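**Student:** So that you have it, the file is structure.pdb, and it contains PDB, C-alpha atoms:
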MODEL        1
ATOM      1  CA  MET A 736       0.000   0.000   0.000  1.00  0.00           C
ATOM      2  CA  LYS A 737       1.152   3.557  -0.687  1.00  0.00           C
ATOM      3  CA  ILE A 738       0.751   5.627   2.461  1.00  0.00           C
ATOM      4  CA  LEU A 739       1.326   9.322   3.100  1.00  0.00           C
ATOM      5  CA  ILE A 740       2.250  10.192   6.698  1.00  0.00           C
ATOM      6  CA  THR A 741       2.313  13.683   8.151  1.00  0.00           C
ATOM      7  CA  GLY A 742       4.321  14.116  11.334  1.00  0.00           C
ATOM      8  CA  ALA A 743       6.607  11.201  10.463  1.00  0.00           C
ATOM      9  CA  THR A 744       9.586  12.730  12.265  1.00  0.00           C
ATOM     10  CA  GLY A 745       7.723  12.887  15.570  1.00  0.00           C
ATOM     11  CA  PHE A 746       7.753  10.373  18.427  1.00  0.00           C
ATOM     12  CA  ILE A 747       4.899   8.205  17.138  1.00  0.00           C
ATOM     13  CA  GLY A 748       5.353   9.013  13.449  1.00  0.00           C
ATOM     14  CA  LYS A 749       8.886   7.710  13.075  1.00  0.00           C
ATOM     15  CA  ARG A 750       8.033   4.388  14.715  1.00  0.00           C
ATOM     16  CA  LEU A 751       4.882   3.999  12.650  1.00  0.00           C
ATOM     17  CA  ALA A 752       6.622   4.901   9.372  1.00  0.00           C
ATOM     18  CA  LEU A 753       9.409   2.387  10.023  1.00  0.00           C
ATOM     19  CA  ASP A 754       6.982  -0.403  10.978  1.00  0.00           C
ATOM     20  CA  LEU A 755       4.803   0.186   7.920  1.00  0.00           C
ATOM     21  CA  ALA A 756       7.792   0.438   5.559  1.00  0.00           C
ATOM     22  CA  ARG A 757       9.359  -2.739   6.931  1.00  0.00           C
ATOM     23  CA  SER A 758       6.014  -4.484   6.382  1.00  0.00           C
ATOM     24  CA  GLY A 759       6.322  -3.836   2.654  1.00  0.00           C
ATOM     25  CA  ASN A 760       4.356  -0.605   2.305  1.00  0.00           C
ATOM     26  CA  GLU A 761       5.646   2.381   0.339  1.00  0.00           C
ATOM     27  CA  ILE A 762       5.741   5.306   2.760  1.00  0.00           C
ATOM     28  CA  TYR A 763       5.708   8.932   1.659  1.00  0.00           C
ATOM     29  CA  CYS A 764       6.528  11.352   4.454  1.00  0.00           C
ATOM     30  CA  LEU A 765       5.336  14.921   4.097  1.00  0.00           C
ATOM     31  CA  VAL A 766       8.179  16.956   5.602  1.00  0.00           C
ATOM     32  CA  ARG A 767       8.926  20.654   5.766  1.00  0.00           C
ATOM     33  CA  LYS A 768      12.010  21.735   3.861  1.00  0.00           C
ATOM     34  CA  GLN A 769      13.813  22.616   7.104  1.00  0.00           C
ATOM     35  CA  SER A 770      12.998  19.181   8.562  1.00  0.00           C
ATOM     36  CA  LEU A 771      14.328  17.206   5.589  1.00  0.00           C
ATOM     37  CA  PRO A 772      17.841  16.652   7.071  1.00  0.00           C
ATOM     38  CA  LYS A 773      16.258  15.266  10.262  1.00  0.00           C
ATOM     39  CA  ALA A 774      13.967  12.996   8.230  1.00  0.00           C
ATOM     40  CA  GLU A 775      16.852  11.743   6.099  1.00  0.00           C
ATOM     41  CA  GLN A 776      18.833  10.925   9.244  1.00  0.00           C
ATOM     42  CA  ILE A 777      15.921   9.130  10.949  1.00  0.00           C
ATOM     43  CA  PHE A 778      15.075   7.029   7.897  1.00  0.00           C
ATOM     44  CA  SER A 779      18.583   6.541   6.502  1.00  0.00           C
ATOM     45  CA  GLY A 780      18.818   3.309   4.521  1.00  0.00           C
ATOM     46  CA  GLU A 781      15.074   2.651   4.425  1.00  0.00           C
ATOM     47  CA  LYS A 782      14.296   1.909   0.779  1.00  0.00           C
ATOM     48  CA  ASN A 783      10.502   2.064   1.201  1.00  0.00           C
ATOM     49  CA  ILE A 784      10.469   5.561   2.711  1.00  0.00           C
ATOM     50  CA  HIS A 785      10.304   8.609   0.444  1.00  0.00           C
ATOM     51  CA  PHE A 786      10.012  12.323   1.181  1.00  0.00           C
ATOM     52  CA  ILE A 787       7.569  14.868  -0.169  1.00  0.00           C
ATOM     53  CA  ILE A 788       8.469  18.456   0.643  1.00  0.00           C
ATOM     54  CA  GLY A 789       5.553  20.497   1.901  1.00  0.00           C
ATOM     55  CA  ASP A 790       4.047  22.413   4.770  1.00  0.00           C
ATOM     56  CA  LEU A 791       0.510  21.969   6.044  1.00  0.00           C
ATOM     57  CA  THR A 792       0.297  25.653   6.936  1.00  0.00           C
ATOM     58  CA  ASN A 793       0.541  26.529   3.220  1.00  0.00           C
ATOM     59  CA  ASN A 794      -2.733  26.454   1.297  1.00  0.00           C
ATOM     60  CA  ASP A 795      -1.311  24.213  -1.420  1.00  0.00           C
ATOM     61  CA  VAL A 796       0.585  22.044   1.118  1.00  0.00           C
ATOM     62  CA  LEU A 797       3.093  20.778  -1.459  1.00  0.00           C
ATOM     63  CA  ASP A 798       6.235  22.837  -2.083  1.00  0.00           C
ATOM     64  CA  GLN A 799       7.402  20.912  -5.133  1.00  0.00           C
ATOM     65  CA  VAL A 800       5.523  19.912  -8.240  1.00  0.00           C
ATOM     66  CA  SER A 801       7.553  16.681  -8.397  1.00  0.00           C
ATOM     67  CA  GLY A 802       5.699  15.244  -5.402  1.00  0.00           C
ATOM     68  CA  ALA A 803       2.258  16.233  -6.627  1.00  0.00           C
ATOM     69  CA  GLU A 804       1.856  13.431  -9.178  1.00  0.00           C
ATOM     70  CA  VAL A 805       2.659  10.724  -6.621  1.00  0.00           C
ATOM     71  CA  ILE A 806       0.355  12.293  -4.052  1.00  0.00           C
ATOM     72  CA  MET A 807      -2.568  12.840  -6.393  1.00  0.00           C
ATOM     73  CA  ASN A 808      -2.418   9.610  -8.387  1.00  0.00           C
ATOM     74  CA  THR A 809      -1.024   6.815  -6.206  1.00  0.00           C
ATOM     75  CA  ILE A 810      -1.559   7.428  -2.481  1.00  0.00           C
ATOM     76  CA  GLU A 811      -4.108   4.992  -1.043  1.00  0.00           C
ATOM     77  CA  ALA A 812      -3.983   5.947   2.637  1.00  0.00           C
ATOM     78  CA  VAL A 813      -3.105   9.016   4.700  1.00  0.00           C
ATOM     79  CA  ILE A 814      -2.172   9.032   8.367  1.00  0.00           C
ATOM     80  CA  HIS A 815      -2.239  12.552   9.801  1.00  0.00           C
ATOM     81  CA  LEU A 816      -0.069  12.887  12.897  1.00  0.00           C
ATOM     82  CA  ALA A 817       1.421  16.354  12.351  1.00  0.00           C
ATOM     83  CA  ALA A 818       0.796  19.048  14.922  1.00  0.00           C
ATOM     84  CA  SER A 819       2.543  21.853  16.700  1.00  0.00           C
ATOM     85  CA  TYR A 820       3.135  20.149  20.039  1.00  0.00           C
ATOM     86  CA  ASP A 821       4.291  23.032  22.178  1.00  0.00           C
ATOM     87  CA  LEU A 822       2.251  23.586  25.303  1.00  0.00           C
ATOM     88  CA  SER A 823       3.400  27.216  25.517  1.00  0.00           C
ATOM     89  CA  VAL A 824       2.556  28.078  21.884  1.00  0.00           C
ATOM     90  CA  GLY A 825       0.408  31.144  21.278  1.00  0.00           C
ATOM     91  CA  THR A 826      -3.192  30.956  20.156  1.00  0.00           C
ATOM     92  CA  THR A 827      -2.561  32.031  16.555  1.00  0.00           C
ATOM     93  CA  GLU A 828       0.375  29.687  15.965  1.00  0.00           C
ATOM     94  CA  ALA A 829      -1.481  26.743  17.508  1.00  0.00           C
ATOM     95  CA  TYR A 830      -4.560  27.481  15.420  1.00  0.00           C
ATOM     96  CA  VAL A 831      -2.622  27.828  12.151  1.00  0.00           C
ATOM     97  CA  SER A 832      -0.623  24.642  12.738  1.00  0.00           C
ATOM     98  CA  ASN A 833      -3.273  22.386  14.186  1.00  0.00           C
ATOM     99  CA  VAL A 834      -6.554  23.606  12.719  1.00  0.00           C
ATOM    100  CA  VAL A 835      -5.704  25.350   9.445  1.00  0.00           C
ATOM    101  CA  GLY A 836      -3.003  22.750   8.730  1.00  0.00           C
ATOM    102  CA  THR A 837      -5.552  19.953   9.072  1.00  0.00           C
ATOM    103  CA  GLN A 838      -8.029  21.837   6.880  1.00  0.00           C
ATOM    104  CA  ASN A 839      -5.371  22.310   4.199  1.00  0.00           C
ATOM    105  CA  LEU A 840      -4.616  18.599   4.287  1.00  0.00           C
ATOM    106  CA  LEU A 841      -8.314  17.759   3.952  1.00  0.00           C
ATOM    107  CA  TYR A 842      -8.542  19.949   0.844  1.00  0.00           C
ATOM    108  CA  LEU A 843      -5.555  18.093  -0.609  1.00  0.00           C
ATOM    109  CA  LEU A 844      -7.131  14.709   0.201  1.00  0.00           C
ATOM    110  CA  GLN A 845     -10.209  15.594  -1.825  1.00  0.00           C
ATOM    111  CA  ARG A 846      -8.047  15.647  -4.967  1.00  0.00           C
ATOM    112  CA  MET A 847      -6.346  12.284  -4.376  1.00  0.00           C
ATOM    113  CA  LYS A 848      -7.651   9.774  -6.907  1.00  0.00           C
ATOM    114  CA  LYS A 849      -6.849   6.489  -5.116  1.00  0.00           C
ATOM    115  CA  LEU A 850      -7.329   7.504  -1.494  1.00  0.00           C
ATOM    116  CA  THR A 851      -9.517   5.055   0.435  1.00  0.00           C
ATOM    117  CA  ILE A 852      -8.245   5.392   4.016  1.00  0.00           C
ATOM    118  CA  PHE A 853      -7.728   8.457   6.195  1.00  0.00           C
ATOM    119  CA  HIS A 854      -6.630   8.297   9.829  1.00  0.00           C
ATOM    120  CA  TYR A 855      -6.454  11.420  11.970  1.00  0.00           C
ATOM    121  CA  MET A 856      -4.582  11.016  15.224  1.00  0.00           C
ATOM    122  CA  SER A 857      -5.063  13.414  18.071  1.00  0.00           C
ATOM    123  CA  THR A 858      -4.106  13.254  21.716  1.00  0.00           C
ATOM    124  CA  TYR A 859      -5.635  12.787  25.110  1.00  0.00           C
ATOM    125  CA  THR A 860      -5.659  16.586  25.462  1.00  0.00           C
ATOM    126  CA  VAL A 861      -8.912  16.829  23.480  1.00  0.00           C
ATOM    127  CA  SER A 862     -10.620  16.083  26.788  1.00  0.00           C
ATOM    128  CA  GLY A 863      -9.709  19.502  28.179  1.00  0.00           C
ATOM    129  CA  VAL A 864      -9.923  19.837  31.941  1.00  0.00           C
ATOM    130  CA  TYR A 865     -11.595  16.558  32.849  1.00  0.00           C
ATOM    131  CA  ASP A 866     -11.218  13.929  35.547  1.00  0.00           C
ATOM    132  CA  GLY A 867     -12.137  10.297  35.072  1.00  0.00           C
ATOM    133  CA  GLU A 868     -12.783   8.097  32.086  1.00  0.00           C
ATOM    134  CA  PHE A 869     -13.190  10.074  28.870  1.00  0.00           C
ATOM    135  CA  LEU A 870     -15.028   8.654  25.867  1.00  0.00           C
ATOM    136  CA  GLU A 871     -15.448   9.987  22.349  1.00  0.00           C
ATOM    137  CA  GLU A 872     -19.056  10.929  23.051  1.00  0.00           C
ATOM    138  CA  ASP A 873     -17.793  13.143  25.909  1.00  0.00           C
ATOM    139  CA  LEU A 874     -16.205  15.637  23.476  1.00  0.00           C
ATOM    140  CA  ASP A 875     -17.323  19.115  24.448  1.00  0.00           C
ATOM    141  CA  PRO A 876     -15.816  22.147  22.690  1.00  0.00           C
ATOM    142  CA  GLY A 877     -17.129  24.353  25.510  1.00  0.00           C
ATOM    143  CA  ARG A 878     -14.998  22.615  28.143  1.00  0.00           C
ATOM    144  CA  PRO A 879     -12.041  24.631  29.491  1.00  0.00           C
ATOM    145  CA  PHE A 880      -8.549  23.707  28.256  1.00  0.00           C
ATOM    146  CA  ARG A 881      -5.162  23.955  29.944  1.00  0.00           C
ATOM    147  CA  ASP A 882      -3.351  25.361  26.894  1.00  0.00           C
ATOM    148  CA  ASN A 883      -3.750  26.415  23.266  1.00  0.00           C
ATOM    149  CA  TYR A 884      -2.350  23.126  21.977  1.00  0.00           C
ATOM    150  CA  SER A 885      -5.125  21.183  23.715  1.00  0.00           C
ATOM    151  CA  GLN A 886      -7.843  23.491  22.504  1.00  0.00           C
ATOM    152  CA  THR A 887      -6.696  23.361  18.877  1.00  0.00           C
ATOM    153  CA  LYS A 888      -6.421  19.571  18.977  1.00  0.00           C
ATOM    154  CA  MET A 889     -10.052  19.480  20.085  1.00  0.00           C
TER     155      MET A 889
ENDMDL
END
Go ahead and render the structure in this file as structure tokens.
**Tutor:**
Amino acid sequence: MKILITGATGFIGKRLALDLARSGNEIYCLVRKQSLPKAEQIFSGEKNIHFIIGDLTNNDVLDQVSGAEVIMNTIEAVIHLAASYDLSVGTTEAYVSNVVGTQNLLYLLQRMKKLTIFHYMSTYTVSGVYDGEFLEEDLDPGRPFRDNYSQTKM
């Protein structure tokens, strides 16, 4: 399967990308230009891992035309892990990274011809200030949050 992963250089993303690539999948990691050296170091020697230069905070997402054909015509699954995970980040930066970035990705997904699977991963912080067991049906955008990251992940 051909899978696009956002956030592949993060804690969960790098482990997931390696596991999926070593299972025979072709992995395409969307990485920002400034993160490419880090991505190349993390995935050095992995023949099933490829890089697409882009930034979710840009409307068009993709920085290079060369990656567009692969993305639009061959990707079958997308796993969206990317986020600005900084608990002290300001409201605007958190919103642009975590909300607008996800919206931009969704617009891109609509143009992918072979896409059949989309996974969006968030974090426990979507619960806001909450004690006890938290279930998906407990999501409440009106609940108070500890930080901007948590609120934008909600």
**Student:** In the coordinate frame of the file, compute which residues have an atom within 6 Å of (4.6, 15.0, 3.5) when using only C-alpha atoms, and state them as a compact mmCIF listing (two decimals) with C-alpha atoms, keeping the file's coordinate frame.
**Tutor:**
# COMPACT_ATOMS: atom_id res chain seq x y z
CA THR A 741 2.31 13.68 8.15
CA CYS A 764 6.53 11.35 4.45
CA LEU A 765 5.34 14.92 4.10
CA VAL A 766 8.18 16.96 5.60
CA ILE A 787 7.57 14.87 -0.17
CA ILE A 788 8.47 18.46 0.64
CA GLY A 789 5.55 20.50 1.90
**Student:** Report, in Å to a single decimal, how far apart atom CA of Met889 of chain A and atom CA of Leu822 of chain A are.
**Tutor:**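 Separating atom CA of Leu822 of chain A from atom CA of Met889 of chain A is a distance of 14.0 Å.
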**Student:** Calculated over only C-alpha atoms, which of the candidates A:Gly748, A:Gly863, A:Gly802, A:Pro772 has the smallest distance to Asn883 of chain A?
**Tutor:**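 Smallest distance to Asn883 of chain A is found for A:Gly863.
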**Student:** Could you spell out the hits of the PyMOL selection byres ((chain A and resi 793) around 12) on the shown file, as a list in words?
**Tutor:** Arg767, Ile788, Gly789, Asp790, Leu791, Thr792, Asn794, Asp795, Val796, Leu797, Asp798, Val831, Ser832, Val835, Gly836, Thr837, Gln838, Asn839, Leu840, Tyr842 and Leu843 of chain A
**Student:** Taking only C-alpha atoms into account, which of A:Ala818, A:Leu739, A:Thr860, A:Glu775 comes nearest Ala803 of chain A?
**Tutor:**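 Smallest distance to Ala803 of chain A is found for A:Leu739.
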**Student:** Quick one: 8 Å padding each side, axis-aligned, all listed atoms of segment 787-801 of chain A - centre and edge lengths in Å to one decimal, as lines of an AutoDock Vina configuration file?
**Tutor:**
center_x = 2.9
center_y = 20.7
center_z = -0.7
size_x = 27.2
size_y = 27.7
size_z = 31.3
**Student:** Could you check the closest approach to Lys848 of chain A for each of A:Leu870, A:Val805, A:Leu755, A:Phe880 and tell me which residue wins, using all atoms listed in the file?
**Tutor:**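 The shortest atom-to-atom distance to Lys848 of chain A comes from A:Val805.
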**Student:** Could you check the closest approach to Thr887 of chain A for each of A:Asn760, A:Thr858, A:Thr851, A:Ser770 and tell me which residue wins, using all atoms listed in the file?
**Tutor:**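 So, comparing all the options, the nearest one is A:Thr858.
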**Student:** Can you tell me how far atom CA of Ser823 of chain A sits from atom CA of Pro879 of chain A, in Å to one decimal?
**Tutor:** 16.2 Å
**Student:** Could you tell me which residues the PyMOL selection byres ((chain A and resi 820) around 12) grabs in this file, written as a PDB file with C-alpha atoms, in the coordinates of the input?
**Tutor:**
ATOM      1  CA  GLY A 742       4.321  14.116  11.334  1.00  0.00           C
ATOM      2  CA  GLY A 745       7.723  12.887  15.570  1.00  0.00           C
ATOM      3  CA  PHE A 746       7.753  10.373  18.427  1.00  0.00           C
ATOM      4  CA  LEU A 816      -0.069  12.887  12.897  1.00  0.00           C
ATOM      5  CA  ALA A 817       1.421  16.354  12.351  1.00  0.00           C
ATOM      6  CA  ALA A 818       0.796  19.048  14.922  1.00  0.00           C
ATOM      7  CA  SER A 819       2.543  21.853  16.700  1.00  0.00           C
ATOM      8  CA  ASP A 821       4.291  23.032  22.178  1.00  0.00           C
ATOM      9  CA  LEU A 822       2.251  23.586  25.303  1.00  0.00           C
ATOM     10  CA  SER A 823       3.400  27.216  25.517  1.00  0.00           C
ATOM     11  CA  VAL A 824       2.556  28.078  21.884  1.00  0.00           C
ATOM     12  CA  GLY A 825       0.408  31.144  21.278  1.00  0.00           C
ATOM     13  CA  GLU A 828       0.375  29.687  15.965  1.00  0.00           C
ATOM     14  CA  ALA A 829      -1.481  26.743  17.508  1.00  0.00           C
ATOM     15  CA  TYR A 830      -4.560  27.481  15.420  1.00  0.00           C
ATOM     16  CA  SER A 832      -0.623  24.642  12.738  1.00  0.00           C
ATOM     17  CA  ASN A 833      -3.273  22.386  14.186  1.00  0.00           C
ATOM     18  CA  SER A 857      -5.063  13.414  18.071  1.00  0.00           C
ATOM     19  CA  THR A 858      -4.106  13.254  21.716  1.00  0.00           C
ATOM     20  CA  THR A 860      -5.659  16.586  25.462  1.00  0.00           C
ATOM     21  CA  ASP A 882      -3.351  25.361  26.894  1.00  0.00           C
ATOM     22  CA  ASN A 883      -3.750  26.415  23.266  1.00  0.00           C
ATOM     23  CA  TYR A 884      -2.350  23.126  21.977  1.00  0.00           C
ATOM     24  CA  SER A 885      -5.125  21.183  23.715  1.00  0.00           C
ATOM     25  CA  GLN A 886      -7.843  23.491  22.504  1.00  0.00           C
ATOM     26  CA  THR A 887      -6.696  23.361  18.877  1.00  0.00           C
ATOM     27  CA  LYS A 888      -6.421  19.571  18.977  1.00  0.00           C
TER      28      LYS A 888
END
**Student:** Determine the residue set returned by the PyMOL selection byres ((chain A and resi 875) around 9) for the present structure, and present it as an MDAnalysis selection string.
**Tutor:** chainID A and resid 861:863 872:874 876:878 889
**Student:** Could those residues be written to a file, using C-alpha atoms, as a CSV table (one decimal), in the frame of the given file?
**Tutor:**
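The new file result.csv reads:
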chain,number,residue,atom,x,y,z
A,861,VAL,CA,-8.9,16.8,23.5
A,862,SER,CA,-10.6,16.1,26.8
A,863,GLY,CA,-9.7,19.5,28.2
A,872,GLU,CA,-19.1,10.9,23.1
A,873,ASP,CA,-17.8,13.1,25.9
A,874,LEU,CA,-16.2,15.6,23.5
A,876,PRO,CA,-15.8,22.1,22.7
A,877,GLY,CA,-17.1,24.4,25.5
A,878,ARG,CA,-15.0,22.6,28.1
A,889,MET,CA,-10.1,19.5,20.1
**Student:** Grab the atom CA of Gln776 of chain A to atom CA of Val813 of chain A distance for me, in Å with one decimal place.
**Tutor:**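 Atom CA of Gln776 of chain A sits 22.5 Å away from atom CA of Val813 of chain A.
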**Student:** Go through A:Ile747, A:Glu761, A:Glu868, A:Lys782 and flag the residue nearest Thr809 of chain A, using all atoms listed in the file for the distances.
**Tutor:** A:Glu761
**Student:** Please provide as a PyMOL selection string all residues within 9 Å of Leu844 of chain A, with the sequence filter that same-chain residues fewer than 6 positions apart are discarded (counting only C-alpha atoms).
**Tutor:** chain A and resi 806-807+813+850+853
